[in-house]
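Below is one structure, written out as structure tokens, with a few remarks after it.
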Amino acid sequence: MTDARQAALDYARQNNGRFLDELKEFLLIPSISTSPEYKSDVQRAAEWVAAQLRSLGMDNVQIMPTGGHPAVYGEQLKAGKEAPTVLIYGHYDIQPVDPIELWTSDPFKAEVRGDNLYARGSSDMKGQVIASFKAVESIVRTSGLPVNLKWLIEGEEEIGSEHLGEFIRNHAKMLKADFCINPDAGMINSDSPTITYGLRGLAYFEVRVHGPDRDLHSGLFGGTVHNPAQALAELIAGMHDKKGRITLPGFYDNVRKSSKEERAEIGRLPTTPKHFLKQTGVPALWGEPDYTPEERVSIRPTLEVNGLLSGFTGEGSKTVLPAWAMAKISCRLVPNQDPSEIQKSMVRYMKENAPKSIRWEVKNLNNAGAAITERDSIGVRAMSEALEQSWGKRPLFKREGGSIGVVVQLQKYVGVESVLTGFGLPEDNAHSPNEKLHLPTWRKGIDAFIHLFYNLK
Ligand SMILES: [Zn+2]
């Protein structure tokens, strides 16, 4: 181990009490992004972040306007052209605290109980942001940064990062980096450091089937008019085959293939079939038999009916043949599926399968691409090594079933891949009463960040 690295790790250990005090100070600011009455607190949190970045010796620190709450930027680009440039993403906004009566202590006056620090934003994600600040402080106070560094700390994550896409597109050059570290993803448990390297995308549809020009008397017309509810049910039923595969034409054409090695890594995750049964309460699992449940929610695309609407659904009975039926249908997409191609697949399926007895329309409501970060990239390698150095064991590698806007936008507009990690735990009550941060994990996280920067040297 280099002396510089060891000096930084020692500094972090010696100053941990003060790091915790500064985290508590940050947690005192109720930066709830969704509530207009907290607008000045959100601004105050942005200023607090900017002051921290300045105290770390960052240059060009700015509180930058977006269409909503500001984003904070800072950089230090003194490590030279050969050194990699790392972008660190975070958010300083938090979720509301209600129902307040379920909190054991004041959500803003952080309280340590046992190994945990209780406060809103402690885990999601002020604690993570402070971990990255304090790792950098430990390095700059003991030697110099071995990498070039950029920070993007936004204030609208908890309300969907509504204005961040435009901000990233407008500042693509400023945000250019070799990779982005996003510590908002957390870990599977305190003993299993985790790297998330892929996210699924989305294509969302509203499918409407029209029959007669009004609801009809089922005794007079049933059996001679194709019931739109039945026709829609038949179309939906045909969208999967008996093996759970999606039948839309061309649907799987661009699906990125997973290597044996990638599937073996996914097999190390503790999400067994039993886990899924326990999590959901269903009597049996369902899906493509050639893939494990974990693979089905990560490396495979899906098609789900989100909701159905047609005819009479009130109390009692009404013998009616409805005029129309509607379904909301969404597809979770994997790399390299293109949402607009999936829309074409949906329309082609309807053209090929809809009967002449009805009219239909498909509306595309929402599109998002999937994202993937190469596991054999400098960012993943350095972070993986760092987690192993801090925890003494290889991290787990995971692809997420959902989507995260900033990751997709950074990939799309800046060409920067994100390494998702973090030191939040599933039991931290993020977004719930009694949110907490597991302090021993947080301290290991600070060490991991210190290792990360030296691993990139
Ligand atoms: Zn978060």
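Numbering starts fresh at 1 for the residues of each chain in the structure tokens, the chains themselves are lettered A, B, ... in the order given, and ligands are numbered from 1 as they appear.
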
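Taking only C-alpha atoms and all ligand atoms into account, the residues that come within 10 Å of ligand 1 are A:Gly90, A:His91, A:Tyr92, A:Asp93, A:Ile94, A:Gln95, A:Gly121, A:Ser123, A:Asp124, A:Met125, A:Lys126, A:Gln128, A:Glu156, A:Glu157, A:Glu158, A:Asn182, A:Pro183, A:Asp184, A:Ala185, A:Gly186, A:Gly424, A:Ala430, A:His431.
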
Excluding Trp286 in chain A and residues on its chain fewer than 2 positions from it, collect all residues at most 12 Å away from it, counting only C-alpha atoms, and give them as a ChimeraX atom specification. /A:240,242-245,273,276-277,282-284,288-294,296-297,302

Give me the residues near Ile404 in chain A as a PyMOL selection string, where near means some atom within 9 Å (using only C-alpha atoms) and where sequence neighbours in that chain fewer than 2 positions away do not count. chain A and resi 160+199-201+402+406-409

Go ahead and write the selection's residues with N, CA, C and O atoms as a PDB file, in the first residue's frame.
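This is the output file again06.pdb:
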ATOM      1  N   GLY A 160     -38.112  12.960  -9.300  1.00  0.00           N
ATOM      2  CA  GLY A 160     -37.967  12.416 -10.654  1.00  0.00           C
ATOM      3  C   GLY A 160     -36.926  13.102 -11.527  1.00  0.00           C
ATOM      4  O   GLY A 160     -36.905  12.879 -12.738  1.00  0.00           O
ATOM      5  N   LEU A 199     -29.283  -1.154 -16.122  1.00  0.00           N
ATOM      6  CA  LEU A 199     -30.652  -0.785 -15.779  1.00  0.00           C
ATOM      7  C   LEU A 199     -31.538  -1.112 -16.964  1.00  0.00           C
ATOM      8  O   LEU A 199     -31.093  -1.051 -18.105  1.00  0.00           O
ATOM      9  N   ARG A 200     -32.790  -1.457 -16.665  1.00  0.00           N
ATOM     10  CA  ARG A 200     -33.692  -1.690 -17.784  1.00  0.00           C
ATOM     11  C   ARG A 200     -34.365  -0.389 -18.228  1.00  0.00           C
ATOM     12  O   ARG A 200     -34.481   0.563 -17.467  1.00  0.00           O
ATOM     13  N   GLY A 201     -34.808  -0.371 -19.459  1.00  0.00           N
ATOM     14  CA  GLY A 201     -35.549   0.765 -20.002  1.00  0.00           C
ATOM     15  C   GLY A 201     -37.032   0.468 -20.013  1.00  0.00           C
ATOM     16  O   GLY A 201     -37.484  -0.523 -19.413  1.00  0.00           O
ATOM     17  N   GLY A 402     -35.324  -1.840 -12.680  1.00  0.00           N
ATOM     18  CA  GLY A 402     -35.978  -0.567 -12.982  1.00  0.00           C
ATOM     19  C   GLY A 402     -35.088   0.360 -13.769  1.00  0.00           C
ATOM     20  O   GLY A 402     -34.122  -0.071 -14.400  1.00  0.00           O
ATOM     21  N   VAL A 406     -30.893   9.706 -14.390  1.00  0.00           N
ATOM     22  CA  VAL A 406     -29.594  10.347 -14.557  1.00  0.00           C
ATOM     23  C   VAL A 406     -28.590   9.419 -15.257  1.00  0.00           C
ATOM     24  O   VAL A 406     -27.758   9.859 -16.060  1.00  0.00           O
ATOM     25  N   VAL A 407     -28.692   8.132 -14.997  1.00  0.00           N
ATOM     26  CA  VAL A 407     -27.761   7.169 -15.596  1.00  0.00           C
ATOM     27  C   VAL A 407     -27.974   7.112 -17.110  1.00  0.00           C
ATOM     28  O   VAL A 407     -27.022   7.146 -17.899  1.00  0.00           O
ATOM     29  N   VAL A 408     -29.248   7.070 -17.491  1.00  0.00           N
ATOM     30  CA  VAL A 408     -29.584   7.013 -18.920  1.00  0.00           C
ATOM     31  C   VAL A 408     -29.184   8.322 -19.599  1.00  0.00           C
ATOM     32  O   VAL A 408     -28.614   8.325 -20.690  1.00  0.00           O
ATOM     33  N   GLN A 409     -29.455   9.456 -18.908  1.00  0.00           N
ATOM     34  CA  GLN A 409     -29.156  10.756 -19.524  1.00  0.00           C
ATOM     35  C   GLN A 409     -27.656  10.989 -19.671  1.00  0.00           C
ATOM     36  O   GLN A 409     -27.208  11.519 -20.685  1.00  0.00           O
TER      37      GLN A 409
END

Residues at most 6 Å from range 135-145 of chain A, counting only C-alpha atoms, excluding those fewer than 2 positions away in the same chain, as a PDB file with N, CA and C atoms, in the first residue's frame?
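This went into around_11.pdb:
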ATOM      1  N   ALA A   8      -4.142   8.764   3.988  1.00  0.00           N
ATOM      2  CA  ALA A   8      -5.543   9.189   3.821  1.00  0.00           C
ATOM      3  C   ALA A   8      -6.475   8.313   4.666  1.00  0.00           C
ATOM      4  N   TYR A  11      -6.138   9.373   8.236  1.00  0.00           N
ATOM      5  CA  TYR A  11      -6.830  10.654   8.443  1.00  0.00           C
ATOM      6  C   TYR A  11      -8.326  10.425   8.607  1.00  0.00           C
ATOM      7  N   ALA A  12      -8.880   9.561   7.745  1.00  0.00           N
ATOM      8  CA  ALA A  12     -10.329   9.291   7.807  1.00  0.00           C
ATOM      9  C   ALA A  12     -10.702   8.689   9.156  1.00  0.00           C
ATOM     10  N   LEU A  56     -13.014  21.767   0.159  1.00  0.00           N
ATOM     11  CA  LEU A  56     -12.169  20.667  -0.315  1.00  0.00           C
ATOM     12  C   LEU A  56     -11.172  21.146  -1.368  1.00  0.00           C
ATOM     13  N   SER A 132     -18.434  10.566   0.156  1.00  0.00           N
ATOM     14  CA  SER A 132     -17.559  10.922  -0.972  1.00  0.00           C
ATOM     15  C   SER A 132     -16.773  12.207  -0.651  1.00  0.00           C
ATOM     16  N   PHE A 133     -17.431  13.202  -0.023  1.00  0.00           N
ATOM     17  CA  PHE A 133     -16.717  14.438   0.354  1.00  0.00           C
ATOM     18  C   PHE A 133     -15.544  14.116   1.295  1.00  0.00           C
ATOM     19  N   VAL A 147      -6.515  11.773  -9.173  1.00  0.00           N
ATOM     20  CA  VAL A 147      -7.388  11.784 -10.363  1.00  0.00           C
ATOM     21  C   VAL A 147      -7.970  13.182 -10.537  1.00  0.00           C
ATOM     22  N   ILE A 446     -16.424   5.155   3.250  1.00  0.00           N
ATOM     23  CA  ILE A 446     -15.436   6.243   3.109  1.00  0.00           C
ATOM     24  C   ILE A 446     -14.083   5.641   2.701  1.00  0.00           C
ATOM     25  N   PHE A 449     -14.074   4.636  -0.966  1.00  0.00           N
ATOM     26  CA  PHE A 449     -13.875   5.764  -1.885  1.00  0.00           C
ATOM     27  C   PHE A 449     -12.405   6.185  -1.930  1.00  0.00           C
ATOM     28  N   ILE A 450     -11.738   6.169  -0.762  1.00  0.00           N
ATOM     29  CA  ILE A 450     -10.307   6.510  -0.757  1.00  0.00           C
ATOM     30  C   ILE A 450      -9.545   5.515  -1.637  1.00  0.00           C
TER      31      ILE A 450
END

List the spatial neighbours of Val61 in chain A as a compact mmCIF listing (two decimals) with N, CA and C atoms, in the first residue's frame - criterion: any atom at most 7 Å away, only C-alpha atoms, same-chain residues fewer than 3 positions off excluded.
# COMPACT_ATOMS: atom_id res chain seq x y z
N ALA A 50 -22.13 23.49 -1.80
CA ALA A 50 -21.13 24.31 -2.51
C ALA A 50 -20.01 24.72 -1.55
N LEU A 53 -17.67 21.81 -1.06
CA LEU A 53 -16.80 21.60 -2.22
C LEU A 53 -15.67 22.63 -2.23
N ARG A 54 -16.01 23.88 -1.87
CA ARG A 54 -14.96 24.91 -1.82
C ARG A 54 -13.94 24.57 -0.74
N MET A 58 -12.04 22.56 -4.27
CA MET A 58 -12.54 22.39 -5.64
C MET A 58 -12.60 23.75 -6.34
N TYR A 73 -22.22 22.18 -8.93
CA TYR A 73 -21.09 21.64 -9.69
C TYR A 73 -19.78 22.10 -9.06
N GLY A 74 -18.77 21.28 -9.15
CA GLY A 74 -17.43 21.66 -8.72
C GLY A 74 -16.44 20.71 -9.39
N GLU A 75 -15.17 21.12 -9.48
CA GLU A 75 -14.20 20.27 -10.15
C GLU A 75 -12.80 20.52 -9.60

Using only C-alpha atoms, the shortest atom-to-atom distance to Lys176 in chain A among A:Ser310, A:Thr104, A:Thr271, A:Gln411 belongs to A:Gln411

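The strand (DSSP E or B) portion of range 205-274 of chain A consists of Phe205, Glu206, Val207, Arg208, Val209, His210, Leu216, His217, Gly222, Val225, His240 and Ile246 of chain A, with states taken from DSSP on the backbone.
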
Measuring between only C-alpha atoms, which one of A:Lys436, A:Ala79, A:Ala386, A:Glu162 shows the shortest distance to Ala119 in chain A? A:Lys436

Rounded to one decimal, what separation in Å do you get between CA of Glu22 in chain A and CA of Asn429 in chain A?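 Straight-line distance from CA of Glu22 in chain A to CA of Asn429 in chain A works out to 21.7 Å.
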
From the DSSP assignment of the backbone, select every residue of range 260-384 of chain A that is alpha helix (DSSP H), and format the answer as number ranges by chain. A: 260-267, 273-280, 293-296, 339-353, 378-384
